[in-house]
Structure formats: structure tokens, C-alpha cells
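Undergrad: Dropping in coords_32.pdb, which is PDB, C-alpha atoms:
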MODEL        1
ATOM      1  CA  MET A  17       0.000   0.000   0.000
ATOM      2  CA  THR A  18       1.044   3.586  -0.429
ATOM      3  CA  VAL A  19       0.396   6.115   2.305
ATOM      4  CA  ASN A  20       1.143   9.694   3.212
ATOM      5  CA  ASN A  21       4.345   9.760   5.237
ATOM      6  CA  ARG A  22       2.974  11.286   8.447
ATOM      7  CA  PRO A  23       3.333  10.512  12.152
ATOM      8  CA  GLY A  24       0.890   7.885  13.430
ATOM      9  CA  VAL A  25       0.000   6.324  10.063
ATOM     10  CA  LEU A  26       1.829   3.051  10.718
ATOM     11  CA  ASN A  27       0.342   2.854  14.210
ATOM     12  CA  ARG A  28      -3.225   3.296  12.914
ATOM     13  CA  ILE A  29      -2.752   0.664  10.224
ATOM     14  CA  THR A  30      -1.163  -1.947  12.474
ATOM     15  CA  GLY A  31      -3.881  -1.186  15.041
ATOM     16  CA  LEU A  32      -6.469  -2.183  12.456
ATOM     17  CA  PHE A  33      -4.859  -5.626  12.178
ATOM     18  CA  THR A  34      -4.572  -5.923  15.967
ATOM     19  CA  LYS A  35      -8.251  -5.074  16.565
ATOM     20  CA  ARG A  36      -9.265  -7.839  14.187
ATOM     21  CA  HIS A  37      -6.789 -10.339  15.680
ATOM     22  CA  TYR A  38      -4.667 -10.794  12.551
ATOM     23  CA  ASN A  39      -0.986 -11.430  12.968
ATOM     24  CA  ILE A  40       1.336  -9.508  10.676
ATOM     25  CA  GLU A  41       3.958 -12.038   9.561
ATOM     26  CA  SER A  42       6.128  -9.395   7.911
ATOM     27  CA  ILE A  43       6.056  -5.629   7.447
ATOM     28  CA  THR A  44       8.361  -3.294   5.586
ATOM     29  CA  VAL A  45       8.021   0.469   5.248
ATOM     30  CA  GLY A  46      10.083   2.927   3.275
ATOM     31  CA  HIS A  47      10.064   6.086   1.180
ATOM     32  CA  THR A  48       8.930   5.862  -2.436
ATOM     33  CA  GLU A  49      10.079   7.747  -5.510
ATOM     34  CA  VAL A  50       7.565  10.479  -4.585
ATOM     35  CA  GLU A  51       8.460  12.784  -1.693
ATOM     36  CA  GLY A  52       6.067  12.483   1.250
ATOM     37  CA  ILE A  53       4.743   9.066   0.169
ATOM     38  CA  SER A  54       5.746   5.749   1.766
ATOM     39  CA  ARG A  55       5.209   2.174   0.628
ATOM     40  CA  MET A  56       4.163  -0.442   3.173
ATOM     41  CA  THR A  57       4.341  -4.140   2.419
ATOM     42  CA  PHE A  58       2.466  -6.485   4.759
ATOM     43  CA  VAL A  59       2.400 -10.276   4.744
ATOM     44  CA  VAL A  60      -0.633 -11.495   6.674
ATOM     45  CA  ASN A  61      -2.046 -15.012   7.006
ATOM     46  CA  VAL A  62      -5.815 -15.167   6.640
ATOM     47  CA  GLU A  63      -8.329 -17.998   6.449
ATOM     48  CA  ASP A  64      -9.907 -17.125   3.108
ATOM     49  CA  GLU A  65     -10.106 -14.606   0.280
ATOM     50  CA  ARG A  66     -13.202 -12.950   1.775
ATOM     51  CA  THR A  67     -11.236 -12.059   4.907
ATOM     52  CA  ALA A  68      -8.471 -10.539   2.792
ATOM     53  CA  GLU A  69     -11.068  -8.466   0.911
ATOM     54  CA  GLN A  70     -12.527  -7.198   4.214
ATOM     55  CA  ILE A  71      -9.098  -6.129   5.467
ATOM     56  CA  ILE A  72      -8.410  -4.310   2.197
ATOM     57  CA  LYS A  73     -11.755  -2.470   2.437
ATOM     58  CA  GLN A  74     -10.938  -1.407   5.997
ATOM     59  CA  LEU A  75      -7.453  -0.262   4.994
ATOM     60  CA  ASN A  76      -8.865   1.814   2.145
ATOM     61  CA  LYS A  77     -11.029   3.702   4.673
ATOM     62  CA  GLN A  78      -7.996   4.787   6.713
ATOM     63  CA  ILE A  79      -6.888   8.409   6.659
ATOM     64  CA  ASP A  80      -3.610   8.866   4.770
ATOM     65  CA  VAL A  81      -3.945   5.544   2.882
ATOM     66  CA  LEU A  82      -3.621   6.344  -0.819
ATOM     67  CA  LYS A  83      -3.761   2.916  -2.474
ATOM     68  CA  VAL A  84      -4.064  -0.699  -1.322
ATOM     69  CA  SER A  85      -3.254  -3.622  -3.609
ATOM     70  CA  ASP A  86      -3.431  -7.337  -2.842
ATOM     71  CA  ILE A  87      -0.606  -8.784  -4.936
ATOM     72  CA  THR A  88      -0.957 -12.356  -3.679
ATOM     73  CA  ASP A  89      -2.057 -13.837  -7.008
ATOM     74  CA  GLN A  90       0.137 -11.648  -9.189
ATOM     75  CA  ALA A  91       3.611 -12.231 -10.553
ATOM     76  CA  ILE A  92       5.872 -10.412  -8.101
ATOM     77  CA  VAL A  93       9.475  -9.722  -7.272
ATOM     78  CA  ALA A  94       9.849 -10.247  -3.522
ATOM     79  CA  ARG A  95      12.990  -9.840  -1.441
ATOM     80  CA  GLU A  96      14.100  -9.923   2.151
ATOM     81  CA  LEU A  97      17.406  -8.987   3.757
ATOM     82  CA  ALA A  98      18.886 -10.768   6.753
ATOM     83  CA  LEU A  99      21.989 -10.194   8.834
ATOM     84  CA  VAL A 100      23.193 -13.327  10.619
ATOM     85  CA  LYS A 101      25.925 -13.244  13.257
ATOM     86  CA  VAL A 102      27.597 -16.648  13.506
ATOM     87  CA  SER A 103      30.088 -17.931  16.053
ATOM     88  CA  VAL A 104      33.235 -18.970  14.247
ATOM     89  CA  THR A 105      36.793 -19.996  14.955
ATOM     90  CA  PRO A 106      39.578 -19.073  12.542
ATOM     91  CA  ALA A 107      39.675 -22.720  11.428
ATOM     92  CA  LEU A 108      35.995 -22.628  10.373
ATOM     93  CA  ARG A 109      36.005 -19.278   8.540
ATOM     94  CA  GLN A 110      36.779 -20.742   5.115
ATOM     95  CA  GLU A 111      34.090 -23.377   5.594
ATOM     96  CA  ILE A 112      31.520 -20.634   6.263
ATOM     97  CA  TYR A 113      32.682 -18.649   3.217
ATOM     98  CA  THR A 114      32.247 -21.761   1.069
ATOM     99  CA  LEU A 115      28.810 -22.470   2.575
ATOM    100  CA  ILE A 116      27.402 -18.985   1.881
ATOM    101  CA  GLU A 117      28.783 -18.653  -1.666
ATOM    102  CA  PRO A 118      25.914 -20.478  -3.473
ATOM    103  CA  PHE A 119      23.449 -18.148  -1.702
ATOM    104  CA  ARG A 120      25.291 -15.086  -3.023
ATOM    105  CA  ALA A 121      25.582 -13.995   0.587
ATOM    106  CA  SER A 122      28.485 -11.914   1.797
ATOM    107  CA  VAL A 123      30.447 -11.371   4.975
ATOM    108  CA  VAL A 124      29.962  -7.772   6.100
ATOM    109  CA  ASP A 125      31.791  -7.917   9.442
ATOM    110  CA  VAL A 126      34.573 -10.063  10.852
ATOM    111  CA  SER A 127      35.677 -10.277  14.468
ATOM    112  CA  LYS A 128      37.888 -12.648  16.428
ATOM    113  CA  ASP A 129      35.027 -15.006  17.264
ATOM    114  CA  SER A 130      32.213 -14.219  14.804
ATOM    115  CA  LEU A 131      31.168 -13.310  11.271
ATOM    116  CA  VAL A 132      28.186 -11.217  10.205
ATOM    117  CA  ILE A 133      26.680 -12.533   7.003
ATOM    118  CA  GLN A 134      24.317 -10.563   4.783
ATOM    119  CA  VAL A 135      21.873 -12.431   2.547
ATOM    120  CA  THR A 136      19.116 -11.096   0.308
ATOM    121  CA  GLY A 137      16.487 -12.951  -1.659
ATOM    122  CA  GLU A 138      13.143 -14.626  -1.298
ATOM    123  CA  SER A 139      12.206 -15.622   2.257
ATOM    124  CA  GLU A 140      12.725 -19.317   1.509
ATOM    125  CA  LYS A 141      16.320 -18.662   0.437
ATOM    126  CA  VAL A 142      17.015 -16.609   3.570
ATOM    127  CA  GLU A 143      15.483 -19.309   5.769
ATOM    128  CA  ALA A 144      17.497 -22.057   4.031
ATOM    129  CA  LEU A 145      20.785 -20.255   4.694
ATOM    130  CA  ILE A 146      19.881 -19.621   8.327
ATOM    131  CA  GLU A 147      19.146 -23.334   8.782
ATOM    132  CA  LEU A 148      22.514 -24.271   7.254
ATOM    133  CA  LEU A 149      24.312 -21.828   9.559
ATOM    134  CA  ARG A 150      22.471 -22.961  12.703
ATOM    135  CA  PRO A 151      24.899 -25.836  13.535
ATOM    136  CA  TYR A 152      27.775 -23.328  13.649
ATOM    137  CA  GLY A 153      26.078 -21.345  16.408
ATOM    138  CA  ILE A 154      23.948 -18.369  15.464
ATOM    139  CA  LYS A 155      24.423 -15.489  17.902
ATOM    140  CA  GLU A 156      21.897 -13.063  16.368
ATOM    141  CA  VAL A 157      19.547 -12.728  13.416
ATOM    142  CA  ALA A 158      17.964  -9.522  12.092
ATOM    143  CA  ARG A 159      15.501  -9.817   9.201
ATOM    144  CA  THR A 160      13.823  -6.979   7.325
ATOM    145  CA  GLY A 161      10.683  -8.804   6.304
ATOM    146  CA  THR A 162       9.442  -9.156   2.740
ATOM    147  CA  THR A 163       9.160  -6.230   0.380
ATOM    148  CA  ALA A 164       7.626  -6.736  -3.045
ATOM    149  CA  PHE A 165       6.615  -5.212  -6.372
ATOM    150  CA  THR A 166       4.473  -6.592  -9.130
ATOM    151  CA  ARG A 167       6.432  -7.555 -12.218
ATOM    152  CA  GLY A 168       6.214  -5.368 -15.310
ATOM    153  CA  SER A 169       4.013  -7.722 -17.355
ATOM    154  CA  GLN A 170       1.399  -9.504 -15.301
ATOM    155  CA  LYS A 171       0.565 -13.187 -15.442
ATOM    156  CA  THR A 172      -1.255 -14.916 -12.611
ATOM    157  CA  ALA A 173       1.091 -16.800 -10.323
ATOM    158  CA  ALA A 174       0.057 -19.657  -8.058
ATOM    159  CA  MET A 175       0.695 -18.689  -4.445
ATOM    160  CA  HIS A 176      -0.375 -20.062  -1.083
ATOM    161  CA  LYS A 177      -3.946 -18.804  -0.526
ATOM    162  CA  THR A 178      -3.739 -18.503   3.254
ATOM    163  CA  ALA A 179      -1.347 -15.557   3.037
ATOM    164  CA  PHE A 180      -1.750 -12.328   1.196
ATOM    165  CA  ILE A 181       0.641  -9.528   0.449
ATOM    166  CA  ILE A 182      -0.510  -5.927   0.476
TER     167      ILE A 182
ENDMDL
END
Output the file's structure in the form of C-alpha cells.
TA:
Amino acid sequence: MTVNNRPGVLNRITGLFTKRHYNIESITVGHTEVEGISRMTFVVNVEDERTAEQIIKQLNKQIDVLKVSDITDQAIVARELALVKVSVTPALRQEIYTLIEPFRASVVDVSKDSLVIQVTGESEKVEALIELLRPYGIKEVARTGTTAFTRGSQKTAAMHKTAFII
């Protein structure tokens, strides 16, 4: 969705989900190409399409909401960023470098006893790398949540119907 970038907008929108007892699985917010306008991307699990439609109607009624789009069934480009701090000894560093290479991840910080790895991609890719790093001893994980755009030319894509992306 696109919204006016004003104080309290995010709070009002997340409050709408809270009042209706829907859990936000992922949320990203950032400036758009237009000054004063922000894009919010929500991933929310719902029981059926009717529920998603109701949420969208409620969101459209909110002050400062400019446009709401459910892109669940559309061809999209979706990405997430994660930073993963892993415990590592000097002897294991090369092993970690080799492990992260197929994921196109990179080491963004090195200390005596840890590495911070940055990975971007679809949530499944991020989750797969985290699972592979888990045996080495994950100290911390910070994930941005999914952000998404529709692709330039639209064809319907099959996606899991219990989640929708706004």
C-alpha cells in the first residue's frame, strides 16, 4: 500500500490488524520515488479470500492511505534482507565462506570469534541459509521482512492462498 508519510500512520494501520486479531507475519516500510509518500508491504495469514477483501476495504477507509493492492495472485518480485551473526573460529572461517557462496551472501563484518553474514532474496532462500548456519552457532539474526513489487508484465502466479501480500 502507499500512504502519506505522516506521524501515526503506521500505528493506525497496524492497530487495524490488531483489533481484528490478525498477525502480521512481515512488514516493511520505506520512502517511495515520490516525496512524502511511503510504501508499506504487509504479509498477513488469513483464512480465506473474503477475509483478505474485508481487510483491504478497511485499509482503504484509513486516513492517509492512498492505495491498497493485494498482490498475492500476481507475478511479483519479492525480497528480504537478513543479517546473521555466527560464532566462528579461525579454522571454520573458510568453511563458512564456502557455505554462503551459493546463496550469493556476503560477509559484512569479521571479528575474532564471529562473522556477520548478509543475505538477500526470497524468504525461503534466507530461511534455508539460516538453517545451514544454525549448527555453527547463530548469535543473532535480524531480518527486514518481505518487500515486493508486481512484475512489469502480469501473469497470474500460483501462491499459497492462506497468506496475502498488500
Undergrad: Could you work out how far CA of Thr163 in chain A lies from CA of Ala98 in chain A, giving the answer in Å with one decimal?
TA: 12.5 Å
Undergrad: Select all residues near (36.7, -17.6, 5.6) (cut-off 12 Å, inclusive, file coordinates), counting all atoms listed in the file, and output them as a PDB file with C-alpha atoms, in the coordinates of the input.
TA:
ATOM      1  CA  VAL A 104      33.235 -18.970  14.247  1.00  0.00           C
ATOM      2  CA  THR A 105      36.793 -19.996  14.955  1.00  0.00           C
ATOM      3  CA  PRO A 106      39.578 -19.073  12.542  1.00  0.00           C
ATOM      4  CA  ALA A 107      39.675 -22.720  11.428  1.00  0.00           C
ATOM      5  CA  LEU A 108      35.995 -22.628  10.373  1.00  0.00           C
ATOM      6  CA  ARG A 109      36.005 -19.278   8.540  1.00  0.00           C
ATOM      7  CA  GLN A 110      36.779 -20.742   5.115  1.00  0.00           C
ATOM      8  CA  GLU A 111      34.090 -23.377   5.594  1.00  0.00           C
ATOM      9  CA  ILE A 112      31.520 -20.634   6.263  1.00  0.00           C
ATOM     10  CA  TYR A 113      32.682 -18.649   3.217  1.00  0.00           C
ATOM     11  CA  THR A 114      32.247 -21.761   1.069  1.00  0.00           C
ATOM     12  CA  LEU A 115      28.810 -22.470   2.575  1.00  0.00           C
ATOM     13  CA  ILE A 116      27.402 -18.985   1.881  1.00  0.00           C
ATOM     14  CA  GLU A 117      28.783 -18.653  -1.666  1.00  0.00           C
ATOM     15  CA  SER A 122      28.485 -11.914   1.797  1.00  0.00           C
ATOM     16  CA  VAL A 123      30.447 -11.371   4.975  1.00  0.00           C
ATOM     17  CA  VAL A 124      29.962  -7.772   6.100  1.00  0.00           C
ATOM     18  CA  ASP A 125      31.791  -7.917   9.442  1.00  0.00           C
ATOM     19  CA  VAL A 126      34.573 -10.063  10.852  1.00  0.00           C
ATOM     20  CA  SER A 127      35.677 -10.277  14.468  1.00  0.00           C
ATOM     21  CA  LYS A 128      37.888 -12.648  16.428  1.00  0.00           C
ATOM     22  CA  SER A 130      32.213 -14.219  14.804  1.00  0.00           C
ATOM     23  CA  LEU A 131      31.168 -13.310  11.271  1.00  0.00           C
ATOM     24  CA  VAL A 132      28.186 -11.217  10.205  1.00  0.00           C
ATOM     25  CA  ILE A 133      26.680 -12.533   7.003  1.00  0.00           C
TER      26      ILE A 133
END
Undergrad: Could you pull the residues within 7 Å of Thr162 in chain A, counting only C-alpha atoms, minus those fewer than 6 positions along the same chain, as a PyMOL selection string?
TA: chain A and resi 42-44+94-96
Undergrad: Just the number, please: distance in Å from CA of Arg55 in chain A to CA of Thr18 in chain A, one decimal.
TA: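 Distance reported for this atom pair: 4.5 Å.
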Undergrad: Using only C-alpha atoms, find the one residue out of A:Ile92, A:Gly46, A:Phe119, A:Asn61 that sits nearest to Phe165 in chain A.
TA: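 Of A:Ile92, A:Gly46, A:Phe119, A:Asn61, the one nearest Phe165 in chain A, counting only C-alpha atoms, is A:Ile92.
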Undergrad: Could you tell me how far CA of His37 in chain A lies from CA of Arg66 in chain A, in Å and to one decimal?
TA: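 Result for CA of His37 in chain A versus CA of Arg66 in chain A: 15.5 Å, one decimal.
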Undergrad: Taking (20.7, -21.5, 6.2) in the file's own coordinates, collect the residues within 12 Å, counting all atoms listed in the file, and hand them back as a PyMOL selection string.
TA: chain A and resi 98-100+102+112+115-119+121+133-135+139-154+157
Undergrad: Which residues would end up in the selection if the PyMOL selection byres ((chain A and resi 53) around 8) were applied here, given that I need the answer as a ChimeraX atom specification?
TA: /A:18-21,47-52,54-55
